[in-house]
$ cat structure-v1.cif   # mmCIF, C-alpha atoms (C1' of nucleotides)
data_upload
#
loop_
_atom_site.label_atom_id
_atom_site.label_comp_id
_atom_site.auth_asym_id
_atom_site.auth_seq_id
_atom_site.Cartn_x
_atom_site.Cartn_y
_atom_site.Cartn_z
CA MET A 231 111.80 -15.35 95.76
CA THR A 232 110.03 -13.82 98.74
CA GLU A 233 112.35 -14.50 101.61
CA PRO A 234 111.84 -12.64 104.89
CA LEU A 235 112.84 -9.02 104.77
CA ASP A 236 115.96 -8.06 106.67
CA ALA A 237 115.28 -5.73 109.58
CA ASP A 238 118.51 -3.87 108.80
CA MET A 239 118.05 -3.57 105.07
CA PHE A 240 117.80 0.22 105.18
CA ASP A 241 120.37 0.96 107.84
CA ALA A 242 123.18 1.43 105.33
CA MET A 243 121.12 4.06 103.52
CA CYS A 244 121.03 6.33 106.55
CA PRO A 245 122.12 9.63 104.96
CA SER A 246 119.13 9.48 102.65
CA GLY A 247 117.94 12.70 104.21
CA ALA A 248 120.73 14.43 102.31
CA LEU A 249 119.68 12.93 99.02
CA PRO A 250 118.18 15.56 96.70
CA PHE A 251 115.99 12.95 95.04
CA GLN A 252 112.99 11.83 96.97
CA ILE A 253 110.55 9.17 95.85
CA GLY A 254 107.06 9.98 96.97
CA ASP A 255 106.78 10.65 100.66
CA LYS A 256 109.14 9.47 103.34
CA TRP A 257 108.34 5.78 103.01
CA THR A 258 107.17 5.16 99.44
CA GLU A 259 110.57 4.33 98.01
CA MET A 260 111.36 1.79 100.72
CA ILE A 261 107.98 0.15 100.34
CA VAL A 262 108.47 -0.17 96.58
CA ILE A 263 111.85 -1.77 97.19
CA CYS A 264 110.36 -4.12 99.77
CA LEU A 265 107.74 -5.23 97.27
CA ALA A 266 110.18 -5.72 94.42
CA ASP A 267 110.48 -9.47 94.99
CA GLY A 268 106.80 -10.18 95.35
CA PRO A 269 103.74 -9.55 97.51
CA ARG A 270 104.19 -8.80 101.20
CA ARG A 271 101.91 -8.71 104.20
CA PHE A 272 101.22 -5.66 106.30
CA THR A 273 103.21 -6.76 109.33
CA GLU A 274 105.93 -8.14 107.11
CA LEU A 275 106.51 -4.64 105.77
CA ARG A 276 106.83 -3.19 109.24
CA VAL A 277 109.99 -5.17 109.96
CA PRO A 278 112.49 -3.42 107.67
CA LEU A 279 110.89 0.00 107.95
CA GLY A 280 112.31 0.71 111.36
CA ALA A 281 109.24 0.56 113.53
CA ILE A 282 106.99 2.60 111.28
CA THR A 283 103.73 3.09 113.10
CA PRO A 284 100.77 1.21 111.68
CA LYS A 285 98.93 4.46 111.08
CA VAL A 286 101.66 5.82 108.86
CA LEU A 287 102.16 2.57 106.99
CA SER A 288 98.44 2.29 106.47
CA ALA A 289 98.20 5.85 105.19
CA THR A 290 101.18 5.43 102.87
CA LEU A 291 99.82 2.22 101.40
CA ARG A 292 96.43 3.81 100.90
CA ALA A 293 97.99 6.71 99.01
CA MET A 294 99.97 4.27 96.89
CA ARG A 295 96.83 2.31 96.12
CA ARG A 296 95.04 5.50 95.17
CA ASP A 297 97.81 6.28 92.67
CA GLY A 298 97.75 2.79 91.24
CA LEU A 299 101.18 1.79 92.53
CA VAL A 300 100.11 -1.18 94.62
CA THR A 301 97.16 -3.54 94.91
CA ARG A 302 95.67 -4.80 98.13
CA THR A 303 94.31 -8.32 98.45
CA ALA A 304 92.48 -9.39 101.59
CA TYR A 305 91.99 -13.12 102.23
CA ASP A 306 89.00 -14.15 104.28
CA GLU A 307 90.89 -16.23 106.80
CA ASN A 308 91.45 -16.34 110.49
CA PRO A 309 93.76 -14.78 111.46
CA PRO A 310 93.21 -12.24 108.68
CA ARG A 311 95.79 -11.97 105.93
CA VAL A 312 96.31 -9.03 103.59
CA GLU A 313 98.88 -8.82 100.84
CA TYR A 314 100.22 -5.81 99.02
CA GLU A 315 101.77 -6.15 95.58
CA LEU A 316 103.30 -3.78 93.08
CA THR A 317 101.27 -3.00 89.98
CA GLU A 318 102.97 -2.67 86.63
CA LEU A 319 102.99 1.07 87.25
CA GLY A 320 104.64 0.63 90.61
CA ARG A 321 107.11 -1.78 89.10
CA SER A 322 108.03 0.81 86.50
CA MET A 323 109.47 2.93 89.31
CA LEU A 324 112.13 0.36 90.06
CA LEU A 325 114.30 1.30 87.10
CA LEU A 326 114.23 4.95 88.06
CA ILE A 327 114.91 4.08 91.68
CA ASP A 328 117.97 2.18 90.52
CA ALA A 329 119.11 5.24 88.59
CA VAL A 330 118.65 7.40 91.69
CA ARG A 331 120.63 4.90 93.76
CA ALA A 332 123.41 4.86 91.20
CA TRP A 333 123.56 8.65 91.26
CA SER A 334 123.62 8.55 95.06
CA SER A 335 126.50 6.17 95.36
CA GLN A 336 128.46 8.37 92.99
CA TYR A 337 127.63 11.86 94.23
CA LEU A 338 126.14 11.67 97.71
CA PRO A 339 129.60 11.64 99.33
CA ALA A 340 130.32 14.95 97.61
CA ILE A 341 127.16 16.44 99.05
CA LEU A 342 127.97 15.23 102.53
CA ALA A 343 131.50 16.62 102.18
CA ALA A 344 130.20 20.00 101.02
CA ARG A 345 127.79 20.04 103.92
CA GLN A 346 130.50 19.32 106.46
CA ALA A 347 132.76 21.94 104.88
CA SER A 348 130.10 24.63 105.27
CA GLU A 349 129.51 23.53 108.84
CA ARG A 350 133.16 24.21 109.57
CA LEU A 351 132.72 27.73 108.24
CA ASP A 352 129.86 28.34 110.62
CA ALA A 353 132.02 27.43 113.59
CA MET B 234 122.97 30.78 75.61
CA THR B 235 121.41 32.64 78.49
CA GLU B 236 118.27 34.12 77.07
CA PRO B 237 115.63 35.50 79.44
CA LEU B 238 113.66 32.84 81.27
CA ASP B 239 110.07 32.38 80.24
CA ALA B 240 107.61 33.26 82.96
CA ASP B 241 105.41 30.36 81.87
CA MET B 242 108.11 27.75 81.57
CA PHE B 243 106.73 25.64 84.41
CA ASP B 244 103.03 26.06 83.78
CA ALA B 245 102.81 22.94 81.65
CA MET B 246 104.30 20.89 84.46
CA CYS B 247 101.44 21.69 86.80
CA PRO B 248 100.57 18.17 88.00
CA SER B 249 104.03 17.82 89.46
CA GLY B 250 102.38 17.46 92.82
CA ALA B 251 101.29 14.01 91.72
CA LEU B 252 104.76 13.00 90.67
CA PRO B 253 106.24 10.40 93.03
CA PHE B 254 109.74 11.66 92.34
CA GLN B 255 110.74 14.88 94.03
CA ILE B 256 114.06 16.60 93.57
CA GLY B 257 115.17 18.24 96.76
CA ASP B 258 112.57 20.54 98.23
CA LYS B 259 109.74 22.20 96.39
CA TRP B 260 111.90 24.49 94.25
CA THR B 261 115.30 22.83 93.83
CA GLU B 262 114.49 20.99 90.63
CA MET B 263 113.14 24.10 88.91
CA ILE B 264 116.15 26.13 89.97
CA VAL B 265 118.51 23.51 88.59
CA ILE B 266 116.63 23.59 85.31
CA CYS B 267 116.71 27.38 85.24
CA LEU B 268 120.47 27.32 85.71
CA ALA B 269 121.10 24.67 83.09
CA ASP B 270 121.97 27.20 80.38
CA GLY B 271 124.29 29.32 82.48
CA PRO B 272 124.44 31.65 85.49
CA ARG B 273 121.36 33.60 86.51
CA ARG B 274 120.69 36.52 88.79
CA PHE B 275 118.49 36.43 91.87
CA THR B 276 115.62 38.41 90.40
CA GLU B 277 115.99 36.63 87.09
CA LEU B 278 115.20 33.37 88.85
CA ARG B 279 112.07 34.78 90.42
CA VAL B 280 110.39 35.26 87.05
CA PRO B 281 109.71 31.64 86.05
CA LEU B 282 109.19 30.41 89.58
CA GLY B 283 105.72 31.82 89.89
CA ALA B 284 106.11 34.57 92.43
CA ILE B 285 108.29 32.66 94.84
CA THR B 286 108.91 34.90 97.83
CA PRO B 287 112.47 36.19 98.21
CA LYS B 288 112.79 34.50 101.56
CA VAL B 289 112.05 31.07 100.16
CA LEU B 290 114.26 31.57 97.11
CA SER B 291 117.05 32.80 99.33
CA ALA B 292 116.68 29.88 101.70
CA THR B 293 116.57 27.36 98.86
CA LEU B 294 119.66 28.80 97.23
CA ARG B 295 121.49 28.82 100.54
CA ALA B 296 120.68 25.16 101.07
CA MET B 297 121.85 24.37 97.56
CA ARG B 298 125.07 26.24 98.16
CA ARG B 299 125.61 24.35 101.41
CA ASP B 300 125.28 21.07 99.52
CA GLY B 301 127.66 22.20 96.80
CA LEU B 302 125.04 22.34 94.06
CA VAL B 303 125.43 26.02 93.16
CA THR B 304 127.98 28.79 93.57
CA ARG B 305 127.19 32.38 94.44
CA THR B 306 129.16 35.25 92.97
CA ALA B 307 128.55 38.80 94.20
CA TYR B 308 129.81 41.68 92.07
CA ASP B 309 130.67 44.89 93.84
CA GLU B 310 128.54 47.15 91.70
CA ASN B 311 125.71 49.55 92.14
CA PRO B 312 123.01 48.36 91.88
CA PRO B 313 124.32 45.11 93.35
CA ARG B 314 124.51 42.06 91.14
CA VAL B 315 124.68 38.46 92.27
CA GLU B 316 124.90 35.43 90.03
CA TYR B 317 124.16 31.81 90.81
CA GLU B 318 125.69 29.04 88.77
CA LEU B 319 125.52 25.26 88.82
CA THR B 320 128.57 23.42 90.07
CA GLU B 321 129.67 20.22 88.42
CA LEU B 322 127.79 18.41 91.15
CA GLY B 323 124.66 20.38 90.46
CA ARG B 324 125.08 19.78 86.76
CA SER B 325 125.28 16.06 87.38
CA MET B 326 121.66 16.19 88.51
CA LEU B 327 120.49 17.22 85.06
CA LEU B 328 120.81 13.73 83.59
CA LEU B 329 118.76 12.24 86.40
CA ILE B 330 116.22 15.02 86.13
CA ASP B 331 115.85 14.17 82.46
CA ALA B 332 115.28 10.54 83.41
CA VAL B 333 112.61 11.59 85.90
CA ARG B 334 110.95 13.74 83.30
CA ALA B 335 110.97 10.91 80.79
CA TRP B 336 109.35 8.63 83.35
CA SER B 337 106.77 11.31 84.09
CA SER B 338 105.72 11.84 80.52
CA GLN B 339 105.26 8.11 80.20
CA TYR B 340 103.57 7.20 83.48
CA LEU B 341 102.18 10.31 85.12
CA PRO B 342 98.95 10.13 83.08
CA ALA B 343 98.37 6.65 84.53
CA ILE B 344 98.77 8.00 88.05
CA LEU B 345 96.36 10.83 87.41
CA ALA B 346 93.87 8.40 85.90
CA ALA B 347 94.14 6.06 88.88
CA ARG B 348 93.64 9.00 91.19
CA GLN B 349 90.52 10.14 89.40
CA ALA B 350 89.17 6.60 89.35
CA SER B 351 89.51 6.30 93.11
CA GLU B 352 87.87 9.68 93.53
CA ARG B 353 84.84 8.36 91.68
CA LEU B 354 84.63 5.47 94.13
CA ASP B 355 84.54 7.89 97.05
CA ALA B 356 81.52 9.68 95.60
"C1'" DC C 165 118.75 44.69 93.55
"C1'" DT C 166 119.42 41.26 96.97
"C1'" DG C 167 118.32 39.82 100.46
"C1'" DA C 168 117.14 39.33 106.20
"C1'" DA C 169 113.55 39.34 110.22
"C1'" DT C 170 109.40 38.06 112.01
"C1'" DC C 171 105.12 35.83 112.34
"C1'" DC C 172 101.93 32.39 111.01
"C1'" DG C 173 98.95 28.61 109.06
"C1'" DA C 174 99.04 24.16 106.79
"C1'" DC C 175 100.75 19.87 106.30
"C1'" DT C 176 103.41 15.85 107.69
"C1'" DT C 177 104.96 12.62 110.96
"C1'" DG C 178 104.76 10.12 115.04
"C1'" DA C 179 103.20 8.34 119.94
"C1'" DT C 180 99.71 6.11 122.13
"C1'" DA C 181 95.76 3.54 122.72
"C1'" DC C 182 92.04 0.87 121.01
"C1'" DT C 183 89.08 -2.45 117.67
"C1'" DG C 184 87.16 -6.25 114.41
"C1'" DC D 125 96.69 -9.80 112.10
"C1'" DA D 126 95.49 -5.55 110.22
"C1'" DG D 127 94.27 -1.80 110.90
"C1'" DT D 128 91.58 3.00 113.10
"C1'" DA D 129 91.12 7.12 116.44
"C1'" DT D 130 92.98 10.72 118.84
"C1'" DC D 131 96.40 13.85 120.15
"C1'" DA D 132 100.91 16.15 120.05
"C1'" DA D 133 105.00 17.94 117.78
"C1'" DG D 134 107.79 19.45 114.20
"C1'" DT D 135 108.70 21.30 109.65
"C1'" DC D 136 107.89 23.83 105.48
"C1'" DG D 137 106.39 27.28 102.65
"C1'" DG D 138 104.44 31.82 102.51
"C1'" DA D 139 102.95 36.91 103.68
"C1'" DT D 140 104.66 40.92 105.16
"C1'" DT D 141 107.91 44.20 106.36
"C1'" DC D 142 112.39 46.21 106.49
"C1'" DA D 143 117.56 46.92 105.34
"C1'" DG D 144 122.38 47.30 102.98
#
$ encode --input "structure-v1.cif" --output "structure tokens"
Amino acid sequence: MTEPLDADMFDAMCPSGALPFQIGDKWTEMIVICLADGPRRFTELRVPLGAITPKVLSATLRAMRRDGLVTRTAYDENPPRVEYELTELGRSMLLLIDAVRAWSSQYLPAILAARQASERLDA
Amino acid sequence: MTEPLDADMFDAMCPSGALPFQIGDKWTEMIVICLADGPRRFTELRVPLGAITPKVLSATLRAMRRDGLVTRTAYDENPPRVEYELTELGRSMLLLIDAVRAWSSQYLPAILAARQASERLDA
DNA sequence: CTGAATCCGACTTGATACTG
DNA sequence: CAGTATCAAGTCGGATTCAG
């Protein structure tokens, strides 16, 4: 259920900067996807997110907690362990994220083609 | 079909800043919605967009043209007239925008409530 | 009417280093 | 392990002014 996250899991989504649909800030969508299969630890999330700095991950998770998208559970152990988990509200985003991904796979190539065509006009 | 746009048509959507789904940049979604019923002129678009500056509207439309979302048609008249119209690609976003809006009407209140609850903890 | 040119402040993101 | 503190850089939207 909660196997280790693949460090390359977002590499294939590279042209996401061209996608006209953005979920939250730069990282929210990926974090939601990472948490889809169950709770994850702080460092565990850093693996697939391409060397996100701890400050940014911390800030993003705090904003998501504030909006009720994730919960944070700290275990009083040594070494410390903290787990983040999607709330029902956060989980409700998964369906819409799937819809966005479906739209992307269908239409993103057209956007990239239009972009390259207009680049040729500039030259 | 293309009745004048209401200057208040986006006032009810005010808490859109809290929405975790963003379409393009700040204005792209609203422009797509404004063009849903047919072509619109430059100044016509400025009405419902709450005093968007011409520079920003121009830049947004240029980016949308570059991505193949809208077409621009200039008529050689005096005074000059320019019309923007959704392409098929741009029109394909409408379904997804509807899905985002449906999600919003269902879950955005929960986000706002969670946000207010965490504000009370800060105080 | 439909923009373009310039300047600017605010916000976002990241690099780096440090702590309980 | 799980963050925080500080600093630097880039980007975006906007105000203002001017032009075809």
$ resolve_selection --input "structure-v1.cif" --expression "the PyMOL selection byres ((chain A) within 12 of (chain B))" --output "short mmCIF file (atom, residue, chain, number, x, y, z; two decimals) with C-alpha atoms, keeping the file's coordinate frame"
data_model
loop_
_atom_site.label_atom_id
_atom_site.label_comp_id
_atom_site.auth_asym_id
_atom_site.auth_seq_id
_atom_site.Cartn_x
_atom_site.Cartn_y
_atom_site.Cartn_z
CA SER A 246 119.13 9.48 102.65
CA GLY A 247 117.94 12.70 104.21
CA ALA A 248 120.73 14.43 102.31
CA LEU A 249 119.68 12.93 99.02
CA PRO A 250 118.18 15.56 96.70
CA PHE A 251 115.99 12.95 95.04
CA GLN A 252 112.99 11.83 96.97
CA ILE A 253 110.55 9.17 95.85
CA GLY A 254 107.06 9.98 96.97
CA ASP A 255 106.78 10.65 100.66
CA LYS A 256 109.14 9.47 103.34
CA TRP A 257 108.34 5.78 103.01
CA THR A 258 107.17 5.16 99.44
CA GLU A 259 110.57 4.33 98.01
CA VAL A 262 108.47 -0.17 96.58
CA ARG A 292 96.43 3.81 100.90
CA ALA A 293 97.99 6.71 99.01
CA MET A 294 99.97 4.27 96.89
CA ARG A 295 96.83 2.31 96.12
CA ARG A 296 95.04 5.50 95.17
CA ASP A 297 97.81 6.28 92.67
CA GLY A 298 97.75 2.79 91.24
CA LEU A 299 101.18 1.79 92.53
CA VAL A 300 100.11 -1.18 94.62
CA THR A 301 97.16 -3.54 94.91
CA THR A 317 101.27 -3.00 89.98
CA GLU A 318 102.97 -2.67 86.63
CA LEU A 319 102.99 1.07 87.25
CA GLY A 320 104.64 0.63 90.61
CA ARG A 321 107.11 -1.78 89.10
CA SER A 322 108.03 0.81 86.50
CA MET A 323 109.47 2.93 89.31
CA LEU A 324 112.13 0.36 90.06
CA LEU A 325 114.30 1.30 87.10
CA LEU A 326 114.23 4.95 88.06
CA ILE A 327 114.91 4.08 91.68
CA ASP A 328 117.97 2.18 90.52
CA ALA A 329 119.11 5.24 88.59
CA VAL A 330 118.65 7.40 91.69
CA ARG A 331 120.63 4.90 93.76
CA ALA A 332 123.41 4.86 91.20
CA TRP A 333 123.56 8.65 91.26
CA SER A 334 123.62 8.55 95.06
CA GLN A 336 128.46 8.37 92.99
CA TYR A 337 127.63 11.86 94.23
CA LEU A 338 126.14 11.67 97.71
CA PRO A 339 129.60 11.64 99.33
CA ALA A 340 130.32 14.95 97.61
CA ILE A 341 127.16 16.44 99.05
CA LEU A 342 127.97 15.23 102.53
CA ALA A 343 131.50 16.62 102.18
CA ALA A 344 130.20 20.00 101.02
CA ARG A 345 127.79 20.04 103.92
CA GLN A 346 130.50 19.32 106.46
CA ALA A 347 132.76 21.94 104.88
CA SER A 348 130.10 24.63 105.27
CA GLU A 349 129.51 23.53 108.84
CA ARG A 350 133.16 24.21 109.57
CA LEU A 351 132.72 27.73 108.24
CA ASP A 352 129.86 28.34 110.62
#
$ closest_atom_pairs --input "structure-v1.cif" --of "chain A" --to "chain C" --cutoff "9 Å" --atoms "all atoms listed in the file" --output "JSON lines"
{"residue": "A:Ile282", "atom": "CA", "partner": "C:DG178", "partner_atom": "C1'", "distance": 8.7}
{"residue": "A:Thr283", "atom": "CA", "partner": "C:DG178", "partner_atom": "C1'", "distance": 7.4}
{"residue": "A:Val286", "atom": "CA", "partner": "C:DT177", "partner_atom": "C1'", "distance": 7.8}
$ residues_around --input "structure-v1.cif" --residues "DC125 of chain D" --least-positions-apart "5" --cutoff "10 Å" --atoms "all atoms listed in the file" --output "PyMOL selection string"
chain A and resi 271-273+308-312
$ resolve_selection --input "structure-v1.cif" --expression "the PyMOL selection byres ((chain D) within 10 of (chain B))" --output "count of residues only"
4
$ atom_distance --input "structure-v1.cif" --atom1 "atom CA of Ser291 of chain B" --atom2 "atom CA of Ser335 of chain A"
28.5 Å
$ resolve_selection --input "structure-v1.cif" --expression "the PyMOL selection byres ((chain B and resi 236) around 12)" --output "list in words"
Met234, Thr235, Pro237, Leu238, Asp239, Cys267, Leu268, Ala269, Asp270, Gly271, Pro272, Arg273 and Glu277 of chain B
$ atom_distance --input "structure-v1.cif" --atom1 "atom CA of Ala292 of chain B" --atom2 "atom C1' of DA132 of chain D"
27.8 Å
$ atom_distance --input "structure-v1.cif" --atom1 "atom CA of Met263 of chain B" --atom2 "atom CA of Asp241 of chain B"
12.2 Å
$ axis_aligned_box --input "structure-v1.cif" --around "segment 268-287 of chain B" --padding-each-side "5 Å" --output "lines of an AutoDock Vina configuration file"
center_x = 115.1
center_y = 31.5
center_z = 89.3
size_x = 28.7
size_y = 23.7
size_z = 27.8
